[in-house]
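One file, work.cif, carrying mmCIF, C-alpha atoms:
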```cif
data_run
#
loop_
_atom_site.label_atom_id
_atom_site.label_comp_id
_atom_site.auth_asym_id
_atom_site.auth_seq_id
_atom_site.Cartn_x
_atom_site.Cartn_y
_atom_site.Cartn_z
CA MET A 1 23.55 46.39 64.90
CA GLY A 2 21.77 49.63 64.07
CA GLY A 3 21.71 52.56 61.67
CA ALA A 4 19.65 55.40 60.18
CA ALA A 5 18.19 55.95 56.73
CA GLY A 6 18.21 59.30 54.94
CA ASN A 7 17.08 60.64 51.56
CA GLY A 8 18.87 58.80 48.84
CA SER A 9 20.64 56.46 51.26
CA THR A 10 21.72 53.12 49.82
CA PHE A 11 22.96 49.98 51.55
CA THR A 12 25.29 47.25 50.43
CA GLY A 13 26.36 43.94 51.98
CA THR A 14 29.75 42.23 52.01
CA ALA A 15 29.85 38.52 51.17
CA GLN A 16 31.57 36.30 53.73
CA ILE A 17 33.83 33.34 53.00
CA GLY A 18 32.48 29.99 54.19
CA PRO A 19 34.24 27.49 56.45
CA ALA A 20 36.61 24.74 55.37
CA LEU A 21 34.32 21.89 56.42
CA LYS A 22 36.10 18.62 55.65
CA TYR A 23 37.02 15.15 56.83
CA ILE A 24 40.56 14.86 58.24
CA ASN A 25 41.29 11.30 59.40
CA SER A 26 39.89 8.36 61.36
CA LYS A 27 40.68 5.14 63.20
CA HIS A 28 38.87 2.35 65.03
CA CYS A 29 40.03 0.09 67.87
CA ALA A 30 38.32 -3.24 68.52
CA ALA A 31 37.68 -4.67 72.01
CA ALA A 32 39.35 -1.64 73.57
CA SER A 33 39.15 0.86 76.40
CA THR A 34 41.72 3.21 74.81
CA CYS A 35 42.32 4.29 71.22
CA THR A 36 45.13 6.54 69.95
CA THR A 37 45.10 8.52 66.70
CA ASP A 38 47.64 7.58 64.00
CA TRP A 39 47.91 11.25 63.12
CA ASN A 40 48.32 14.63 64.81
CA VAL A 41 44.96 16.18 65.62
CA THR A 42 44.51 19.94 65.21
CA ALA A 43 43.32 22.37 67.87
CA GLY A 44 39.94 23.83 66.91
CA ASP A 45 38.85 20.72 65.01
CA VAL A 46 36.12 18.40 66.24
CA LEU A 47 36.87 14.80 67.19
CA MET A 48 33.91 12.44 66.97
CA VAL A 49 34.04 9.36 69.22
CA MET A 50 31.69 6.41 68.78
CA PHE A 51 31.33 3.48 71.15
CA TYR A 52 29.71 0.19 70.18
CA ASP A 53 28.77 -1.91 73.22
CA GLY A 54 27.62 -5.50 72.79
CA VAL A 55 26.73 -8.25 75.21
CA GLY A 56 29.23 -8.32 78.07
CA ASP A 57 30.66 -4.87 77.36
CA SER A 58 30.82 -2.69 80.44
CA GLY A 59 30.22 0.65 78.72
CA GLY A 60 31.90 3.68 80.28
CA ASN A 61 32.67 7.36 79.94
CA VAL A 62 35.09 9.18 77.64
CA SER A 63 38.15 11.30 78.46
CA ASP A 64 41.68 12.12 77.27
CA GLY A 65 45.00 13.36 78.60
CA PRO A 66 44.66 17.04 77.57
CA GLY A 67 41.28 17.23 79.32
CA ASN A 68 39.09 17.93 76.28
CA LEU A 69 35.38 18.07 77.08
CA TYR A 70 33.16 15.56 75.28
CA THR A 71 29.52 16.30 74.46
CA SER A 72 27.06 13.42 74.22
CA LEU A 73 25.36 13.72 70.81
CA LYS A 74 23.42 10.45 70.60
CA VAL A 75 22.80 7.45 72.87
CA ILE A 76 20.90 4.30 71.81
CA GLY A 77 20.62 1.49 74.33
CA SER A 78 20.10 -2.02 72.99
CA TYR A 79 20.72 -5.50 74.38
CA ASN A 80 23.67 -6.29 72.12
CA ALA A 81 23.93 -3.25 69.86
CA SER A 82 24.26 -0.15 72.04
CA LEU A 83 25.58 2.97 70.32
CA THR A 84 27.01 6.16 71.84
CA LEU A 85 28.26 9.16 69.86
CA TYR A 86 30.34 11.97 71.38
CA GLY A 87 31.95 15.11 69.99
CA SER A 88 34.75 17.31 71.34
CA LYS A 89 36.13 20.68 70.24
CA LEU A 90 39.87 20.02 70.55
CA THR A 91 41.97 22.46 72.55
CA SER A 92 45.43 21.19 71.55
CA GLY A 93 47.19 19.35 68.75
CA GLY A 94 49.32 16.24 68.38
CA PRO A 95 48.61 12.52 68.81
CA LEU A 96 45.59 11.96 71.03
CA THR A 97 44.66 8.97 73.19
CA VAL A 98 40.97 8.65 74.04
CA ASN A 99 40.19 6.67 77.18
CA SER A 100 37.11 5.01 78.60
CA SER A 101 36.34 3.42 81.95
CA GLY A 102 34.88 0.40 80.14
CA VAL A 103 35.79 -1.99 77.34
CA HIS A 104 33.93 -1.47 74.04
CA THR A 105 33.36 -3.81 71.10
CA GLN A 106 34.49 -0.90 68.92
CA MET A 107 35.93 2.56 69.58
CA VAL A 108 35.86 4.87 66.55
CA LEU A 109 37.71 8.21 66.29
CA VAL A 110 36.99 10.61 63.43
CA GLU A 111 38.35 14.18 63.04
CA PHE A 112 36.64 16.97 61.08
CA SER A 113 37.59 20.61 60.54
CA GLY A 114 35.23 23.54 60.14
CA VAL A 115 32.36 22.02 62.14
CA SER A 116 30.66 22.97 65.41
CA LEU A 117 28.87 20.79 67.93
CA THR A 118 25.55 22.51 67.28
CA ILE A 119 23.00 19.86 66.32
CA ASP A 120 20.83 20.96 63.39
CA GLY A 121 18.78 17.76 63.33
CA ALA A 122 18.92 14.10 64.35
CA ALA A 123 17.12 10.79 63.91
CA GLN A 124 17.59 7.25 65.21
CA ALA A 125 16.12 3.75 64.92
CA LEU A 126 16.33 0.18 66.20
CA SER A 127 15.89 -2.85 63.96
CA PHE A 128 15.70 -6.50 64.99
CA ASN A 129 16.76 -9.23 62.55
CA ASN A 130 15.27 -7.29 59.64
CA GLY A 131 18.17 -6.67 57.29
CA ARG A 132 17.76 -2.88 57.22
CA CYS A 133 18.09 -0.04 59.69
CA PRO A 134 15.64 1.58 59.84
CA SER A 135 13.53 -1.44 58.85
CA THR A 136 11.08 0.64 56.75
CA THR A 137 11.39 4.39 56.20
CA PRO A 138 15.02 5.69 56.03
CA LEU A 139 16.45 8.00 58.65
CA SER A 140 15.58 11.56 57.64
CA VAL A 141 17.06 14.87 58.84
CA ALA A 142 16.01 18.33 57.62
CA THR A 143 18.89 20.81 57.80
CA SER A 144 18.67 24.61 57.75
CA ALA A 145 22.16 25.26 56.39
CA SER A 146 25.29 23.61 55.06
CA ASP A 147 25.93 20.84 57.58
CA LEU A 148 28.08 17.84 58.35
CA LEU A 149 25.89 14.73 58.31
CA ILE A 150 27.07 11.82 60.46
CA SER A 151 25.41 8.40 60.02
CA VAL A 152 26.36 5.53 62.32
CA LEU A 153 25.35 1.88 62.60
CA VAL A 154 26.20 -0.96 64.97
CA GLU A 155 24.86 -4.50 64.57
CA SER A 156 25.35 -7.96 66.03
CA VAL A 157 25.90 -10.12 62.96
CA THR A 158 27.77 -13.32 62.12
CA GLY A 159 28.33 -12.97 58.36
CA GLY A 160 27.31 -11.13 55.21
CA SER A 161 27.93 -7.52 54.27
CA THR A 162 26.61 -4.07 55.17
CA THR A 163 25.95 -1.16 52.81
CA PHE A 164 24.54 2.37 53.16
CA SER A 165 22.42 4.52 50.88
CA SER A 166 24.39 7.80 50.89
CA GLY A 167 27.64 9.38 52.04
CA THR A 168 31.27 8.27 52.40
CA LEU A 169 32.56 5.57 54.73
CA ALA A 170 35.15 6.79 57.24
CA GLN A 171 35.45 3.55 59.22
CA GLY A 172 33.55 0.29 59.14
CA ALA A 173 33.53 -3.48 59.53
CA GLY A 174 30.54 -5.01 57.77
CA SER A 175 31.16 -8.74 57.57
CA GLN A 176 31.79 -9.95 61.10
CA LYS A 177 30.21 -10.11 64.53
CA GLY A 178 30.26 -6.61 65.93
CA ALA A 179 29.88 -4.93 62.54
CA PHE A 180 29.67 -1.13 62.42
CA GLN A 181 29.64 1.75 59.94
CA PHE A 182 30.66 5.40 60.42
CA VAL A 183 29.54 7.42 57.38
CA TYR A 184 29.80 11.14 56.72
CA GLN A 185 28.39 13.52 54.14
CA ILE A 186 28.94 17.27 53.71
CA ALA A 187 25.58 18.76 52.82
CA PRO A 188 26.09 21.57 50.28
CA SER A 189 22.96 23.45 51.33
CA ALA A 190 19.85 23.34 53.48
CA GLY A 191 17.56 20.43 52.69
CA THR A 192 16.31 17.01 53.76
CA TYR A 193 18.84 14.17 53.76
CA THR A 194 18.22 10.45 54.31
CA GLN A 195 20.15 7.35 55.23
CA GLN A 196 19.40 3.63 55.39
CA PHE A 197 21.77 0.78 56.18
CA SER A 198 21.18 -2.61 54.55
CA PHE A 199 22.53 -6.03 55.48
CA SER A 200 22.83 -9.05 53.17
CA PRO A 201 21.91 -11.87 53.41
CA THR A 202 18.98 -10.70 55.52
CA TYR A 203 18.52 -14.01 57.32
CA ASN A 204 21.90 -13.48 59.04
CA ALA A 205 21.06 -9.94 60.19
CA GLY A 206 21.22 -9.27 63.93
CA ASN A 207 20.00 -6.47 66.12
CA GLN A 208 20.86 -3.07 64.68
CA SER A 209 21.05 0.47 66.07
CA CYS A 210 21.44 3.37 63.66
CA ALA A 211 21.43 7.14 63.93
CA MET A 212 21.91 10.25 61.82
CA VAL A 213 23.08 13.61 63.21
CA ALA A 214 23.50 16.93 61.38
CA LEU A 215 26.13 19.28 62.82
CA ARG A 216 26.27 22.93 61.82
CA ALA A 217 29.34 24.18 59.99
CA MET A 218 31.55 26.58 61.95
CA PRO A 219 31.32 30.10 60.45
CA VAL A 220 34.70 31.69 59.74
CA THR A 221 36.02 34.64 57.75
CA SER A 222 38.95 34.65 55.36
CA GLY A 223 41.17 35.47 58.35
CA GLY A 224 39.96 32.47 60.33
CA GLY A 225 38.07 34.42 63.01
CA PRO A 226 34.36 34.45 63.89
CA LEU A 227 32.01 35.38 61.09
CA ALA A 228 31.16 39.09 61.16
CA PRO A 229 27.59 40.33 60.77
CA SER A 230 26.49 40.18 57.13
CA ILE A 231 23.59 41.81 55.30
CA THR A 232 21.62 39.90 52.68
CA SER A 233 18.95 42.51 51.95
CA VAL A 234 17.68 45.95 52.95
CA THR A 235 14.07 46.98 52.33
CA PRO A 236 13.57 49.61 51.02
CA GLY A 237 16.93 50.34 49.40
CA ALA A 238 16.39 54.09 49.85
CA GLY A 239 13.94 56.10 51.93
CA ALA A 240 13.10 59.25 53.85
CA VAL A 241 14.46 60.08 57.31
CA GLY A 242 12.45 58.33 59.99
CA GLY A 243 10.99 55.72 57.64
CA PRO A 244 11.11 52.01 58.57
CA VAL A 245 14.00 49.97 57.22
CA THR A 246 14.22 46.18 57.42
CA ILE A 247 17.72 44.72 57.43
CA ALA A 248 18.03 40.97 56.84
CA GLY A 249 21.22 39.02 57.33
CA ALA A 250 23.15 36.77 59.66
CA ASN A 251 25.35 36.83 62.77
CA PHE A 252 23.89 40.05 64.18
CA GLY A 253 24.08 38.71 67.75
CA ALA A 254 21.46 38.79 70.47
CA SER A 255 21.29 42.61 70.53
#
```
Please express what this file holds, its structure, as structure tokens.
Amino acid sequence: MGGAAGNGSTFTGTAQIGPALKYINSKHCAAASTCTTDWNVTAGDVLMVMFYDGVGDSGGNVSDGPGNLYTSLKVIGSYNASLTLYGSKLTSGGPLTVNSSGVHTQMVLVEFSGVSLTIDGAAQALSFNNGRCPSTTPLSVATSASDLLISVLVESVTGGSTTFSSGTLAQGAGSQKGAFQFVYQIAPSAGTYTQQFSFSPTYNAGNQSCAMVALRAMPVTSGGGPLAPSITSVTPGAGAVGGPVTIAGANFGAS
């Protein structure tokens, strides 16, 4: 993007309309190698897939019939509380069956609109028979913009209940062996966000794996296309021909 400044020249910027970042729907399948949505997914949305692998689970990859590509966002290996988080930008709509080459304690499917697969920050922790994950300082992620915050937990427990410090539960089972939580939060602005999962009673707590991932919102215009370049400030606002002009904004591109 370029331009010239002349005597008396003034510059103005056009505000852009933000994306419709929101939760759509979710489902979990226990002791499964396939899981099918109970709703019609939408092309262009992101489908998050979480695997919980416990003792005896064979693990495996992720795929589906339409051939969507799945990006690995977070992997935590643990003896009986392994956690894997994937994301896919969907290319077609309708009911969707997600497959794996292995059997998982839990398969979790969650759809969001208006989000990209660009990671803006992430954190993870392991906790062993402590009652909290992380066991001391909460997971903390500093975001640089309005983001989708995903917090996930898997734990090998035999009783009790599991809670979380912030966000909204999409799917979870907190009072049985193979407990898990999938929590989301739409961050309204740049900032530092935290999460901590707690289990009660603590003496029944098993091994826990937890993670937090911030995904950047997908910029769109009012027409639904890519966000056009936008100007937030021009310094100076007016100047002589040949004088330096600093243009600040977003989405200018590499050139």
Inset, instruction - Kindly indicate which residue among A:Ala238, A:Ala187, A:Leu117, A:Ala123 lies nearest to A:Ser146, using only C-alpha atoms for the distances. - result: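 So, comparing all the options, the nearest one is A:Ala187.
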Legend entry - Residues returned when the PyMOL selection byres ((chain A and resi 199) around 8) runs on this file, as a VMD selection string: chain A and resid 131 to 132 160 to 163 197 to 198 200 to 202 205
Legend entry - Evaluate the PyMOL selection byres ((chain A and resi 127) around 9) and report residues as JSON, numbers by chain: {"A": [125, 126, 128, 129, 130, 131, 132, 133, 134, 135, 206, 207, 208, 209, 210]}
Legend entry - Explicit residue set for the PyMOL selection byres ((chain A and resi 110) around 10), as a ChimeraX atom specification: /A:23-28,37,41,46-50,87,108-109,111-112,170-171,182,184
Inset, instruction - Compare A:Pro244, A:Gly174, A:Pro138, A:Gly121 by their minimum atom-to-atom distance to A:Leu73, counting all atoms listed in the file, and give me the closest one. - result: A:Gly121
Legend entry - One-decimal distance in Å that lies between atom CA of A:Ser151 and atom CA of A:Ser63: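 For atom CA of A:Ser63 relative to atom CA of A:Ser151, the distance reads 22.6 Å.
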Legend entry - Point-to-point distance in Å for atom CA of A:Tyr70 and atom CA of A:Ala217: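 It comes out at 18.0 Å.
One distance worth recording is that between atom CA of A:Ala173 and atom CA of A:Leu85, which is 17.2 Å.
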Inset, instruction - Rank A:Gly178, A:Val234, A:Lys74, A:Lys89 by their smallest atom-to-atom distance to A:Met212, using all atoms listed in the file, and report the top residue only. - result: A:Lys74
Inset, instruction - Could you please give me, as a PyMOL selection string, the residues of protein, DNA or RNA lying at most 12 Å from (18.8, 12.0, 58.0) in the coordinate frame of the file, considering all atoms listed in the file? - result: chain A and resi 120-125+134+137-143+147-152+165-167+183-185+187+191-197+210-215
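Checking A:Pro66, A:Gly159, A:Gly77, A:Gly60 one by one against A:Gly102, counting all atoms listed in the file, you find the shortest gap at A:Gly60.
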Inset, instruction - Write out as a PyMOL selection string which residues come within 10 Å of A:Asn40 when counting only C-alpha atoms, dropping same-chain ones fewer than 4 positions away. - result: chain A and resi 25+92-96
